[in-house]
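Visitor: File name target.txt; file contents compact mmCIF, N, CA and C atoms; full text below.
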# COMPACT_ATOMS: atom_id res chain seq x y z
N MET A 148 -12.58 -6.24 -13.66
CA MET A 148 -13.01 -5.41 -12.57
C MET A 148 -14.21 -6.09 -11.93
N TRP A 149 -14.22 -6.07 -10.62
CA TRP A 149 -15.31 -6.64 -9.84
C TRP A 149 -16.35 -5.57 -9.51
N THR A 150 -17.51 -5.99 -9.10
CA THR A 150 -18.58 -5.05 -8.79
C THR A 150 -18.22 -4.12 -7.63
N ASP A 151 -17.29 -4.52 -6.78
CA ASP A 151 -16.87 -3.65 -5.68
C ASP A 151 -15.77 -2.68 -6.11
N GLY A 152 -15.40 -2.71 -7.39
CA GLY A 152 -14.39 -1.80 -7.92
C GLY A 152 -12.98 -2.35 -7.90
N GLY A 153 -12.80 -3.53 -7.32
CA GLY A 153 -11.47 -4.13 -7.29
C GLY A 153 -11.04 -4.63 -8.66
N LEU A 154 -9.74 -4.59 -8.92
CA LEU A 154 -9.18 -5.10 -10.17
C LEU A 154 -8.38 -6.36 -9.88
N TRP A 155 -8.42 -7.28 -10.80
CA TRP A 155 -7.55 -8.45 -10.76
C TRP A 155 -6.88 -8.51 -12.13
N ILE A 156 -5.58 -8.37 -12.15
CA ILE A 156 -4.85 -8.45 -13.41
C ILE A 156 -4.39 -9.89 -13.59
N ASN A 157 -4.70 -10.44 -14.72
CA ASN A 157 -4.45 -11.85 -14.97
C ASN A 157 -3.01 -12.11 -15.41
N PHE A 158 -2.06 -11.96 -14.48
CA PHE A 158 -0.66 -12.23 -14.78
C PHE A 158 -0.44 -13.71 -15.07
N GLY A 159 -1.28 -14.57 -14.53
CA GLY A 159 -1.14 -16.01 -14.74
C GLY A 159 -1.33 -16.42 -16.19
N TRP A 160 -2.09 -15.64 -16.95
CA TRP A 160 -2.34 -15.95 -18.35
C TRP A 160 -1.27 -15.39 -19.26
N MET A 161 -0.54 -14.39 -18.79
CA MET A 161 0.39 -13.66 -19.66
C MET A 161 1.70 -14.42 -19.86
N ASN A 162 1.62 -15.56 -20.52
CA ASN A 162 2.82 -16.33 -20.81
C ASN A 162 2.69 -17.11 -22.13
N ALA A 163 1.76 -16.70 -22.96
CA ALA A 163 1.49 -17.43 -24.19
C ALA A 163 2.57 -17.23 -25.26
N ASN A 164 3.19 -16.04 -25.29
CA ASN A 164 4.21 -15.75 -26.29
C ASN A 164 5.07 -14.59 -25.79
N TRP A 165 6.04 -14.20 -26.58
CA TRP A 165 6.96 -13.16 -26.13
C TRP A 165 6.25 -11.85 -25.84
N LYS A 166 5.22 -11.52 -26.61
CA LYS A 166 4.51 -10.26 -26.39
C LYS A 166 3.81 -10.25 -25.03
N SER A 167 3.14 -11.34 -24.72
CA SER A 167 2.44 -11.38 -23.44
C SER A 167 3.41 -11.44 -22.27
N GLU A 168 4.56 -12.09 -22.46
CA GLU A 168 5.56 -12.14 -21.39
C GLU A 168 6.19 -10.78 -21.15
N VAL A 169 6.49 -10.05 -22.23
CA VAL A 169 7.03 -8.69 -22.09
C VAL A 169 6.01 -7.80 -21.40
N LEU A 170 4.77 -7.89 -21.85
CA LEU A 170 3.71 -7.09 -21.25
C LEU A 170 3.57 -7.42 -19.77
N ARG A 171 3.55 -8.69 -19.42
CA ARG A 171 3.43 -9.11 -18.03
C ARG A 171 4.55 -8.54 -17.17
N ASP A 172 5.78 -8.71 -17.62
CA ASP A 172 6.92 -8.26 -16.83
C ASP A 172 6.97 -6.74 -16.72
N ARG A 173 6.74 -6.06 -17.82
CA ARG A 173 6.76 -4.59 -17.81
C ARG A 173 5.60 -4.02 -17.00
N LEU A 174 4.43 -4.64 -17.11
CA LEU A 174 3.28 -4.17 -16.36
C LEU A 174 3.50 -4.33 -14.86
N ARG A 175 3.99 -5.48 -14.47
CA ARG A 175 4.27 -5.71 -13.06
C ARG A 175 5.31 -4.71 -12.55
N GLU A 176 6.36 -4.51 -13.33
CA GLU A 176 7.40 -3.56 -12.96
C GLU A 176 6.84 -2.13 -12.85
N ALA A 177 6.04 -1.74 -13.82
CA ALA A 177 5.49 -0.39 -13.82
C ALA A 177 4.51 -0.17 -12.67
N LEU A 178 3.70 -1.16 -12.37
CA LEU A 178 2.76 -1.03 -11.26
C LEU A 178 3.49 -0.95 -9.92
N THR A 179 4.56 -1.73 -9.81
CA THR A 179 5.32 -1.76 -8.56
C THR A 179 6.21 -0.53 -8.41
N ASP A 180 7.03 -0.28 -9.42
CA ASP A 180 8.00 0.82 -9.34
C ASP A 180 7.38 2.17 -9.67
N GLY A 181 6.55 2.19 -10.71
CA GLY A 181 5.99 3.46 -11.16
C GLY A 181 4.84 3.98 -10.32
N LEU A 182 3.92 3.08 -9.94
CA LEU A 182 2.75 3.50 -9.18
C LEU A 182 2.86 3.18 -7.69
N GLY A 183 3.88 2.42 -7.33
CA GLY A 183 4.10 2.11 -5.92
C GLY A 183 3.18 1.05 -5.35
N TRP A 184 2.59 0.24 -6.21
CA TRP A 184 1.70 -0.81 -5.75
C TRP A 184 2.51 -2.03 -5.36
N ASN A 185 2.02 -2.78 -4.40
CA ASN A 185 2.67 -3.99 -3.95
C ASN A 185 2.11 -5.17 -4.75
N ILE A 186 2.80 -5.53 -5.83
CA ILE A 186 2.37 -6.63 -6.69
C ILE A 186 3.28 -7.82 -6.43
N ASP A 187 2.74 -8.86 -5.84
CA ASP A 187 3.50 -10.07 -5.54
C ASP A 187 3.75 -10.83 -6.83
N PRO A 188 5.04 -11.02 -7.22
CA PRO A 188 5.33 -11.71 -8.47
C PRO A 188 4.92 -13.18 -8.47
N GLU A 189 4.68 -13.74 -7.31
CA GLU A 189 4.26 -15.14 -7.22
C GLU A 189 2.76 -15.31 -7.41
N LYS A 190 2.01 -14.25 -7.28
CA LYS A 190 0.55 -14.34 -7.45
C LYS A 190 0.20 -14.15 -8.92
N GLY A 191 -0.51 -15.09 -9.46
CA GLY A 191 -0.93 -15.00 -10.85
C GLY A 191 -2.06 -14.01 -11.04
N TYR A 192 -2.83 -13.76 -10.00
CA TYR A 192 -4.00 -12.88 -10.08
C TYR A 192 -4.04 -11.96 -8.86
N PRO A 193 -3.10 -11.00 -8.78
CA PRO A 193 -3.08 -10.15 -7.59
C PRO A 193 -4.28 -9.22 -7.54
N PRO A 194 -4.95 -9.14 -6.41
CA PRO A 194 -6.08 -8.20 -6.30
C PRO A 194 -5.56 -6.78 -6.06
N ILE A 195 -6.22 -5.82 -6.67
CA ILE A 195 -5.88 -4.41 -6.48
C ILE A 195 -7.15 -3.70 -6.05
N ARG A 196 -7.13 -3.18 -4.85
CA ARG A 196 -8.31 -2.54 -4.29
C ARG A 196 -8.66 -1.24 -5.03
N LYS A 197 -9.93 -0.95 -5.07
CA LYS A 197 -10.42 0.29 -5.69
C LYS A 197 -9.72 1.50 -5.09
N SER A 198 -9.52 1.47 -3.79
CA SER A 198 -8.89 2.61 -3.11
C SER A 198 -7.44 2.80 -3.54
N ASP A 199 -6.82 1.76 -4.10
CA ASP A 199 -5.44 1.87 -4.60
C ASP A 199 -5.39 2.36 -6.04
N TRP A 200 -6.26 1.84 -6.90
CA TRP A 200 -6.14 2.17 -8.31
C TRP A 200 -6.94 3.40 -8.73
N LEU A 201 -8.06 3.66 -8.11
CA LEU A 201 -8.93 4.75 -8.57
C LEU A 201 -8.24 6.12 -8.52
N PRO A 202 -7.52 6.46 -7.44
CA PRO A 202 -6.83 7.75 -7.44
C PRO A 202 -5.74 7.87 -8.51
N GLN A 203 -5.30 6.74 -9.04
CA GLN A 203 -4.24 6.72 -10.05
C GLN A 203 -4.76 6.21 -11.40
N ALA A 204 -6.06 6.31 -11.62
CA ALA A 204 -6.66 5.77 -12.84
C ALA A 204 -6.03 6.37 -14.09
N HIS A 205 -5.79 7.66 -14.10
CA HIS A 205 -5.19 8.32 -15.27
C HIS A 205 -3.79 7.79 -15.51
N ASP A 206 -3.00 7.66 -14.44
CA ASP A 206 -1.64 7.11 -14.57
C ASP A 206 -1.67 5.66 -15.04
N LEU A 207 -2.63 4.90 -14.54
CA LEU A 207 -2.78 3.50 -14.94
C LEU A 207 -3.11 3.40 -16.43
N LEU A 208 -4.02 4.23 -16.90
CA LEU A 208 -4.38 4.23 -18.32
C LEU A 208 -3.17 4.61 -19.18
N ASN A 209 -2.44 5.65 -18.78
CA ASN A 209 -1.25 6.05 -19.53
C ASN A 209 -0.22 4.94 -19.57
N LEU A 210 -0.07 4.25 -18.47
CA LEU A 210 0.88 3.14 -18.38
C LEU A 210 0.50 2.03 -19.38
N VAL A 211 -0.76 1.69 -19.45
CA VAL A 211 -1.21 0.63 -20.36
C VAL A 211 -1.00 1.06 -21.82
N VAL A 212 -1.30 2.31 -22.13
CA VAL A 212 -1.08 2.81 -23.50
C VAL A 212 0.40 2.78 -23.85
N GLU A 213 1.24 3.19 -22.91
CA GLU A 213 2.68 3.17 -23.13
C GLU A 213 3.19 1.76 -23.37
N LEU A 214 2.72 0.81 -22.58
CA LEU A 214 3.14 -0.58 -22.75
C LEU A 214 2.68 -1.15 -24.09
N ALA A 215 1.46 -0.81 -24.48
CA ALA A 215 0.95 -1.28 -25.78
C ALA A 215 1.80 -0.72 -26.92
N SER A 216 2.20 0.53 -26.81
CA SER A 216 3.06 1.14 -27.83
C SER A 216 4.43 0.46 -27.87
N GLU A 217 4.95 0.14 -26.70
CA GLU A 217 6.24 -0.56 -26.63
C GLU A 217 6.15 -1.93 -27.32
N ILE A 218 5.10 -2.65 -27.05
CA ILE A 218 4.92 -3.97 -27.69
C ILE A 218 4.83 -3.81 -29.20
N GLN A 219 4.08 -2.82 -29.64
CA GLN A 219 3.93 -2.59 -31.08
C GLN A 219 5.28 -2.25 -31.71
N ARG A 220 6.07 -1.39 -31.07
CA ARG A 220 7.40 -1.05 -31.59
C ARG A 220 8.28 -2.28 -31.69
N ARG A 221 8.28 -3.08 -30.62
CA ARG A 221 9.11 -4.29 -30.63
C ARG A 221 8.69 -5.25 -31.73
N GLU A 222 7.40 -5.35 -31.94
CA GLU A 222 6.91 -6.25 -33.00
C GLU A 222 7.33 -5.74 -34.37
N GLU A 223 7.25 -4.44 -34.57
CA GLU A 223 7.67 -3.88 -35.86
C GLU A 223 9.17 -4.06 -36.06
N GLU A 224 9.96 -3.86 -35.02
CA GLU A 224 11.41 -4.07 -35.12
C GLU A 224 11.72 -5.52 -35.44
N ARG A 225 11.01 -6.41 -34.81
CA ARG A 225 11.22 -7.85 -35.06
C ARG A 225 10.86 -8.22 -36.49
N ARG A 226 9.77 -7.65 -36.96
CA ARG A 226 9.31 -7.94 -38.33
C ARG A 226 10.28 -7.37 -39.37
N ASP A 227 10.86 -6.20 -39.06
CA ASP A 227 11.77 -5.54 -40.01
C ASP A 227 13.19 -6.05 -39.94
N ALA A 228 13.52 -6.80 -38.90
CA ALA A 228 14.89 -7.31 -38.75
C ALA A 228 15.17 -8.37 -39.81
N PRO A 229 16.42 -8.39 -40.29
CA PRO A 229 16.76 -9.40 -41.32
C PRO A 229 16.78 -10.81 -40.77
Using the file provided, produce a representation of the structure as C-alpha cells.
Guide:
Amino acid sequence: MWTDGGLWINFGWMNANWKSEVLRDRLREALTDGLGWNIDPEKGYPPIRKSDWLPQAHDLLNLVVELASEIQRREEERRDAP
C-alpha cells in the first residue's frame, strides 16, 4: 500500500511454485470477476486506486482469507495423496 492509499498487488512475483501460481490466478480472477476490478493480466504490478478498493475492503479481506484457505486445502490434499 502506498501513502496515497493505492494498492499494488505483486502478480509478477507470484510464480515461484504451484501455490503462488494458484493464488495469483485465483486472486486475479476473483478481483476481476468477483469485485469487478479491471486487472490487466499482462501487468505484473497493477495499481488499484484507493477509491476502488476502500469501499470493498471487507470483500477484499474475505477474498484473501478464502484464497488462503483454498491453498491450505489443496496443500493438505496433495500431502495426503498416495
Visitor: So what do you get for atom CA of A:Lys166 versus atom CA of A:Pro202, distance-wise?
Guide: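 The value is 28.5 Å.
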Visitor: A:Ser167, A:Gln203, A:Thr179, A:Ser198: which is nearest A:Gly153, counting all atoms listed in the file?
Guide: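 Ranked by minimum distance to A:Gly153, first place goes to A:Ser198.
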Visitor: From the options A:Met148, A:Glu176, A:Leu154, A:Val169, which residue's atoms come nearest to A:Ile218, counting all atoms listed in the file?
Guide: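 Looking at the shortest contact to A:Ile218, the residue is A:Val169.
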Visitor: How far is it from atom C of A:Val211 to atom N of A:Gly152, in Å with one decimal?
Guide: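 These two atoms are separated by 20.7 Å.
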Visitor: How big is the axis-aligned box around the listed atoms of stretch 183-189 of chain A once 8 Å is added on each side, and where is its centre? Give both in Å to one decimal, as lines of an AutoDock Vina configuration file.
Guide:
center_x = 3.5
center_y = -6.4
center_z = -6.2
size_x = 19.6
size_y = 33.7
size_z = 20.5
Visitor: From a DSSP pass on the backbone, collect the residues of chain A flagged as strand (DSSP E) and hand them back as a PyMOL selection string.
Guide: chain A and resi 154-155+194-195
Visitor: What does the distance between atom C of A:Leu207 and atom CA of A:Arg226 come to in Å, to one decimal place?
Guide: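 For atom C of A:Leu207 relative to atom CA of A:Arg226, the distance reads 27.6 Å.
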Visitor: Hey, which of A:Asp227, A:Asp151, A:Asp172, A:Asp206 ends up closest to A:Gly191? Count only C-alpha atoms.
Guide: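 For A:Gly191, the nearest of the candidates is A:Asp172.
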